[in-house]
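Q: Sharing a structure, written as structure tokens. Questions coming.
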Amino acid sequence: MAFVELRDVGKWYAALSGRRSIAVQHFSLTLDRGDFLCLLGPSGCGKTTILSMLAGFEAPSEGQILLDGQAVRAPSRDRGVVFQGDDSLYPWLTAVQNIEFGLRVGGVPAKERRATALDYLDLVGLNGQAEKFPAELSGGMKQRIQIARALANKPKMLLMDEPFGALDAQTRSIMQRELRRIWDATGTTIVFITHDIDEAILLSTRVGVMTAGPGGTLKSVIPIEMTGDRERADPAYGRYYQQVHSDIRDEVAKASSYGRKAA
Ligand SMILES: Nc1ncnc2c1ncn2[C@@H]1O[C@H](COP(=O)(O)OP(=O)(O)OP(=O)(O)O)[C@@H](O)[C@H]1O
């Protein structure tokens, strides 16, 4: 049995015109435990919609989503979510208190939750920053706190929506290496949305490419089989880049022609 299964999932909204606005259609995918899937696709194809349904924030209009054999119906601590930017940290809580937050809500005793939060602070490389408030931390540090906060709940799956999109190139590259290290250490199943082919190849075990919206679906899934540390100089990197680029190029062209028609 697959660890995560999306079975012919579709999602639509009632538009103000009274017609249906289709966000995603006929989306089917299975993930094994420990997979790291990067989802790529033109703007508006439905990537965030897929992530929101996996998180349980939105229900599919048709089809089904299963996690570990159970239908996903609502948000749960077994699915950690990390968004772009740092708006989701509580500014009045310190770094360690932010990480503890979910454990506190879950009723974990004070001593135990503090010890767990400090372990995760350490895992994301922020040992020594426990008592700082978000305003005293850099963008990259705040993203690490978000990741630690999500992981502290020991989720079955980590859902990440362009988490490094707002970071400068240098910090982004450091965060990519850190995320691979954390994924190696924890074996958490990850679904990660990005617009960046390079990021997808450096991070994932599989790259999913979606067709252009409205109503995007999964076009292809490309397994990334590179051993050791991922390097752009590796000839396999270039081959994967070409493959993903050629899958996505036509979809981006279609998306911009839809945009012109709609304008
Ligand atoms: N709450 C909503 N109500 C109506 N339409 C919505 C809603 N949320 C998303 N959509 C529509 O669903 C489609 C898919 O949106 P979604 O945000 O999932 O795309 P995306 O691939 O994540 O885009 P981007 O890369 O630009 O972030 C879009 O046409 C969007 O306008």
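Labels for the structure tokens follow display order: chains A, B, ..., residues from 1 in each chain, ligands from 1.
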Using only C-alpha atoms and all ligand atoms, which residues have at least one atom no more than 9 Å from ligand 1? Output them as a PDB file with N, CA and C atoms, in the first residue's frame.
A:
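Writing the result to part-v8.pdb gives the following:
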ATOM      1  N   LYS A  11     -10.506  19.674  -7.906  1.00  0.00           N
ATOM      2  CA  LYS A  11     -10.970  20.725  -6.993  1.00  0.00           C
ATOM      3  C   LYS A  11     -11.516  21.877  -7.815  1.00  0.00           C
ATOM      4  N   TRP A  12     -12.718  22.328  -7.498  1.00  0.00           N
ATOM      5  CA  TRP A  12     -13.243  23.525  -8.152  1.00  0.00           C
ATOM      6  C   TRP A  12     -13.912  24.433  -7.151  1.00  0.00           C
ATOM      7  N   TYR A  13     -14.034  25.669  -7.562  1.00  0.00           N
ATOM      8  CA  TYR A  13     -14.651  26.693  -6.714  1.00  0.00           C
ATOM      9  C   TYR A  13     -15.829  27.289  -7.469  1.00  0.00           C
ATOM     10  N   ALA A  14     -16.794  27.807  -6.722  1.00  0.00           N
ATOM     11  CA  ALA A  14     -17.901  28.532  -7.353  1.00  0.00           C
ATOM     12  C   ALA A  14     -17.391  29.939  -7.671  1.00  0.00           C
ATOM     13  N   ALA A  15     -17.356  30.296  -8.959  1.00  0.00           N
ATOM     14  CA  ALA A  15     -16.884  31.625  -9.346  1.00  0.00           C
ATOM     15  C   ALA A  15     -18.034  32.631  -9.214  1.00  0.00           C
ATOM     16  N   SER A  21     -15.020  27.378 -11.288  1.00  0.00           N
ATOM     17  CA  SER A  21     -13.630  27.667 -11.620  1.00  0.00           C
ATOM     18  C   SER A  21     -12.807  26.449 -11.189  1.00  0.00           C
ATOM     19  N   ILE A  22     -12.221  25.775 -12.189  1.00  0.00           N
ATOM     20  CA  ILE A  22     -11.510  24.524 -11.881  1.00  0.00           C
ATOM     21  C   ILE A  22     -10.055  24.818 -11.535  1.00  0.00           C
ATOM     22  N   ALA A  23      -9.642  24.372 -10.345  1.00  0.00           N
ATOM     23  CA  ALA A  23      -8.262  24.610  -9.899  1.00  0.00           C
ATOM     24  C   ALA A  23      -7.349  23.437 -10.255  1.00  0.00           C
ATOM     25  N   VAL A  24      -7.849  22.212 -10.097  1.00  0.00           N
ATOM     26  CA  VAL A  24      -7.060  20.996 -10.337  1.00  0.00           C
ATOM     27  C   VAL A  24      -8.009  19.927 -10.857  1.00  0.00           C
ATOM     28  N   LEU A  40       6.471  21.051  -9.608  1.00  0.00           N
ATOM     29  CA  LEU A  40       6.738  22.221 -10.442  1.00  0.00           C
ATOM     30  C   LEU A  40       5.577  22.416 -11.406  1.00  0.00           C
ATOM     31  N   GLY A  41       5.368  23.642 -11.832  1.00  0.00           N
ATOM     32  CA  GLY A  41       4.331  23.882 -12.834  1.00  0.00           C
ATOM     33  C   GLY A  41       4.112  25.367 -12.997  1.00  0.00           C
ATOM     34  N   PRO A  42       3.503  25.766 -14.119  1.00  0.00           N
ATOM     35  CA  PRO A  42       3.305  27.205 -14.349  1.00  0.00           C
ATOM     36  C   PRO A  42       2.405  27.821 -13.278  1.00  0.00           C
ATOM     37  N   SER A  43       2.531  29.114 -13.114  1.00  0.00           N
ATOM     38  CA  SER A  43       1.710  29.831 -12.139  1.00  0.00           C
ATOM     39  C   SER A  43       0.226  29.566 -12.391  1.00  0.00           C
ATOM     40  N   GLY A  44      -0.510  29.253 -11.345  1.00  0.00           N
ATOM     41  CA  GLY A  44      -1.957  29.041 -11.458  1.00  0.00           C
ATOM     42  C   GLY A  44      -2.349  27.630 -11.859  1.00  0.00           C
ATOM     43  N   CYS A  45      -1.376  26.695 -11.940  1.00  0.00           N
ATOM     44  CA  CYS A  45      -1.729  25.333 -12.397  1.00  0.00           C
ATOM     45  C   CYS A  45      -2.354  24.499 -11.282  1.00  0.00           C
ATOM     46  N   GLY A  46      -2.219  24.953 -10.018  1.00  0.00           N
ATOM     47  CA  GLY A  46      -2.884  24.231  -8.928  1.00  0.00           C
ATOM     48  C   GLY A  46      -1.956  23.605  -7.905  1.00  0.00           C
ATOM     49  N   LYS A  47      -0.684  24.016  -7.871  1.00  0.00           N
ATOM     50  CA  LYS A  47       0.279  23.410  -6.929  1.00  0.00           C
ATOM     51  C   LYS A  47      -0.151  23.642  -5.473  1.00  0.00           C
ATOM     52  N   THR A  48      -0.467  24.908  -5.151  1.00  0.00           N
ATOM     53  CA  THR A  48      -0.850  25.227  -3.769  1.00  0.00           C
ATOM     54  C   THR A  48      -2.157  24.540  -3.400  1.00  0.00           C
ATOM     55  N   THR A  49      -3.044  24.394  -4.377  1.00  0.00           N
ATOM     56  CA  THR A  49      -4.314  23.706  -4.124  1.00  0.00           C
ATOM     57  C   THR A  49      -4.046  22.253  -3.719  1.00  0.00           C
ATOM     58  N   ILE A  50      -3.129  21.595  -4.409  1.00  0.00           N
ATOM     59  CA  ILE A  50      -2.776  20.212  -4.059  1.00  0.00           C
ATOM     60  C   ILE A  50      -2.226  20.162  -2.631  1.00  0.00           C
ATOM     61  N   LEU A  51      -1.332  21.105  -2.315  1.00  0.00           N
ATOM     62  CA  LEU A  51      -0.732  21.119  -0.971  1.00  0.00           C
ATOM     63  C   LEU A  51      -1.796  21.382   0.105  1.00  0.00           C
ATOM     64  N   SER A  52      -2.715  22.311  -0.182  1.00  0.00           N
ATOM     65  CA  SER A  52      -3.779  22.625   0.791  1.00  0.00           C
ATOM     66  C   SER A  52      -4.667  21.415   1.034  1.00  0.00           C
ATOM     67  N   ASP A 161       5.496  25.032   0.878  1.00  0.00           N
ATOM     68  CA  ASP A 161       5.059  25.836  -0.268  1.00  0.00           C
ATOM     69  C   ASP A 161       6.067  26.954  -0.527  1.00  0.00           C
ATOM     70  N   GLU A 162       6.931  26.737  -1.503  1.00  0.00           N
ATOM     71  CA  GLU A 162       7.986  27.693  -1.845  1.00  0.00           C
ATOM     72  C   GLU A 162       8.656  28.275  -0.593  1.00  0.00           C
ATOM     73  N   ILE A 193       6.848  22.571  -2.977  1.00  0.00           N
ATOM     74  CA  ILE A 193       6.505  23.316  -4.198  1.00  0.00           C
ATOM     75  C   ILE A 193       7.615  24.308  -4.515  1.00  0.00           C
ATOM     76  N   THR A 194       7.986  24.360  -5.777  1.00  0.00           N
ATOM     77  CA  THR A 194       8.973  25.351  -6.203  1.00  0.00           C
ATOM     78  C   THR A 194       8.711  25.742  -7.654  1.00  0.00           C
ATOM     79  N   HIS A 195       9.265  26.897  -8.043  1.00  0.00           N
ATOM     80  CA  HIS A 195       9.234  27.299  -9.449  1.00  0.00           C
ATOM     81  C   HIS A 195      10.598  27.064 -10.080  1.00  0.00           C
ATOM     82  N   MET A 210       3.459  19.674 -13.471  1.00  0.00           N
ATOM     83  CA  MET A 210       2.022  19.814 -13.730  1.00  0.00           C
ATOM     84  C   MET A 210       1.771  20.522 -15.053  1.00  0.00           C
ATOM     85  N   ALA A 212      -0.394  23.170 -17.530  1.00  0.00           N
ATOM     86  CA  ALA A 212      -0.862  24.539 -17.299  1.00  0.00           C
ATOM     87  C   ALA A 212      -2.305  24.539 -16.796  1.00  0.00           C
ATOM     88  N   GLY A 213      -2.634  25.522 -15.941  1.00  0.00           N
ATOM     89  CA  GLY A 213      -4.011  25.720 -15.517  1.00  0.00           C
ATOM     90  C   GLY A 213      -4.762  26.504 -16.583  1.00  0.00           C
ATOM     91  N   PRO A 214      -6.025  26.790 -16.432  1.00  0.00           N
ATOM     92  CA  PRO A 214      -6.835  26.393 -15.291  1.00  0.00           C
ATOM     93  C   PRO A 214      -7.137  24.890 -15.307  1.00  0.00           C
ATOM     94  N   GLY A 215      -7.144  24.327 -14.093  1.00  0.00           N
ATOM     95  CA  GLY A 215      -7.419  22.893 -13.979  1.00  0.00           C
ATOM     96  C   GLY A 215      -6.224  22.059 -14.369  1.00  0.00           C
ATOM     97  N   GLY A 216      -5.078  22.330 -13.759  1.00  0.00           N
ATOM     98  CA  GLY A 216      -3.877  21.566 -14.085  1.00  0.00           C
ATOM     99  C   GLY A 216      -3.961  20.138 -13.562  1.00  0.00           C
TER     100      GLY A 216
END
Q: Segment 98-104 of chain A: which residues within 8 Å, counting only C-alpha atoms, same-chain residues fewer than 6 positions away excluded, as a count of residues only?
A: 17
Q: Need the shell around Lys219 of chain A: protein/DNA/RNA residues with any atom at most 8 Å away, counting only C-alpha atoms. Skip same-chain ones fewer than 3 positions apart. Format as JSON, numbers by chain?
A: {"A": [208, 209, 210, 211, 247]}
Q: Where does DSSP see strand (DSSP E or B) in segment 34-263 of chain A, if you list the residues as an MDAnalysis selection string?
A: chainID A and resid 36:40 62:67 70:71 79:82 157:161 189:193 206:210 216 218:223
Q: Quick one: write out the picked residues with N, CA and C atoms as a compact mmCIF listing (two decimals), in the first residue's frame?
A:
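The new file again-v9.txt reads:
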# COMPACT_ATOMS: atom_id res chain seq x y z
N PHE A 36 10.76 12.39 -1.38
CA PHE A 36 10.89 13.85 -1.36
C PHE A 36 10.46 14.32 -2.74
N LEU A 37 9.20 14.74 -2.83
CA LEU A 37 8.65 15.14 -4.14
C LEU A 37 8.69 16.65 -4.28
N CYS A 38 9.29 17.14 -5.37
CA CYS A 38 9.18 18.56 -5.70
C CYS A 38 8.14 18.70 -6.80
N LEU A 39 7.21 19.62 -6.59
CA LEU A 39 6.13 19.84 -7.56
C LEU A 39 6.38 21.16 -8.27
N LEU A 40 6.47 21.05 -9.61
CA LEU A 40 6.74 22.22 -10.44
C LEU A 40 5.58 22.42 -11.41
N GLU A 62 -13.66 16.19 -5.93
CA GLU A 62 -13.86 14.78 -6.32
C GLU A 62 -12.56 14.03 -6.09
N GLY A 63 -12.66 12.70 -6.04
CA GLY A 63 -11.48 11.88 -5.78
C GLY A 63 -11.21 11.79 -4.30
N GLN A 64 -10.05 11.25 -3.96
CA GLN A 64 -9.76 10.94 -2.56
C GLN A 64 -8.26 11.10 -2.28
N ILE A 65 -7.96 11.52 -1.06
CA ILE A 65 -6.55 11.59 -0.64
C ILE A 65 -6.39 10.70 0.60
N LEU A 66 -5.42 9.79 0.53
CA LEU A 66 -5.18 8.87 1.65
C LEU A 66 -3.76 9.06 2.16
N LEU A 67 -3.62 9.09 3.49
CA LEU A 67 -2.30 9.12 4.12
C LEU A 67 -2.24 7.92 5.04
N GLN A 70 -5.47 6.20 5.63
CA GLN A 70 -6.61 6.94 6.19
C GLN A 70 -6.94 8.14 5.29
N ALA A 71 -8.24 8.39 5.08
CA ALA A 71 -8.63 9.54 4.27
C ALA A 71 -8.25 10.83 4.99
N ARG A 79 0.68 16.28 9.79
CA ARG A 79 1.14 16.93 8.56
C ARG A 79 1.64 18.33 8.89
N GLY A 80 2.94 18.54 8.84
CA GLY A 80 3.52 19.86 9.14
C GLY A 80 3.56 20.70 7.88
N VAL A 81 3.23 21.98 8.02
CA VAL A 81 3.19 22.85 6.84
C VAL A 81 4.17 24.00 7.03
N VAL A 82 4.97 24.27 6.00
CA VAL A 82 5.91 25.39 6.03
C VAL A 82 5.64 26.26 4.80
N MET A 157 4.38 13.72 7.47
CA MET A 157 4.69 14.35 6.19
C MET A 157 4.91 15.86 6.40
N LEU A 158 5.87 16.40 5.64
CA LEU A 158 6.16 17.83 5.69
C LEU A 158 5.72 18.42 4.35
N LEU A 159 4.88 19.46 4.41
CA LEU A 159 4.35 20.09 3.19
C LEU A 159 4.93 21.49 3.12
N MET A 160 5.65 21.79 2.04
CA MET A 160 6.39 23.06 1.98
C MET A 160 6.02 23.82 0.70
N ASP A 161 5.50 25.03 0.88
CA ASP A 161 5.06 25.84 -0.27
C ASP A 161 6.07 26.95 -0.53
N THR A 189 8.67 12.22 4.96
CA THR A 189 8.18 12.34 3.58
C THR A 189 7.89 13.82 3.32
N ILE A 190 8.39 14.34 2.19
CA ILE A 190 8.25 15.78 1.93
C ILE A 190 7.59 16.02 0.57
N VAL A 191 6.65 16.96 0.56
CA VAL A 191 6.14 17.51 -0.71
C VAL A 191 6.50 18.99 -0.70
N PHE A 192 7.20 19.43 -1.73
CA PHE A 192 7.83 20.75 -1.74
C PHE A 192 7.49 21.44 -3.05
N ILE A 193 6.85 22.57 -2.98
CA ILE A 193 6.51 23.32 -4.20
C ILE A 193 7.62 24.31 -4.51
N ARG A 206 11.99 12.76 -6.47
CA ARG A 206 11.14 12.74 -7.66
C ARG A 206 10.67 14.16 -7.95
N VAL A 207 10.62 14.50 -9.24
CA VAL A 207 10.10 15.81 -9.63
C VAL A 207 8.78 15.59 -10.36
N GLY A 208 7.71 16.20 -9.85
CA GLY A 208 6.41 16.13 -10.52
C GLY A 208 6.19 17.42 -11.30
N VAL A 209 5.84 17.29 -12.58
CA VAL A 209 5.57 18.47 -13.41
C VAL A 209 4.07 18.51 -13.70
N MET A 210 3.46 19.67 -13.47
CA MET A 210 2.02 19.81 -13.73
C MET A 210 1.77 20.52 -15.05
N GLY A 216 -5.08 22.33 -13.76
CA GLY A 216 -3.88 21.57 -14.08
C GLY A 216 -3.96 20.14 -13.56
N LEU A 218 -1.28 16.27 -13.28
CA LEU A 218 0.11 15.85 -13.26
C LEU A 218 0.50 15.39 -14.66
N LYS A 219 1.56 15.99 -15.19
CA LYS A 219 2.00 15.64 -16.55
C LYS A 219 3.02 14.51 -16.51
N SER A 220 4.00 14.63 -15.62
CA SER A 220 5.04 13.60 -15.54
C SER A 220 5.66 13.58 -14.15
N VAL A 221 6.24 12.44 -13.81
CA VAL A 221 7.01 12.33 -12.57
C VAL A 221 8.37 11.76 -12.95
N ILE A 222 9.42 12.51 -12.65
CA ILE A 222 10.77 12.11 -13.07
C ILE A 222 11.58 11.72 -11.81
N PRO A 223 11.97 10.45 -11.70
CA PRO A 223 12.79 10.07 -10.54
C PRO A 223 14.20 10.65 -10.67
Q: Which is closest to Gly139 of chain A among A:Leu6, A:Val108, A:Ala253, A:Met175, if we use only C-alpha atoms?
A: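 That would be A:Met175, the residue with the smallest distance to Gly139 of chain A.
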Q: Between A:Val252, A:Ile174, A:Ala55, A:Ile201, single out the one closest to Arg239 of chain A, counting only C-alpha atoms.
A: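 Among the listed residues, A:Ile201 lies closest to Arg239 of chain A.
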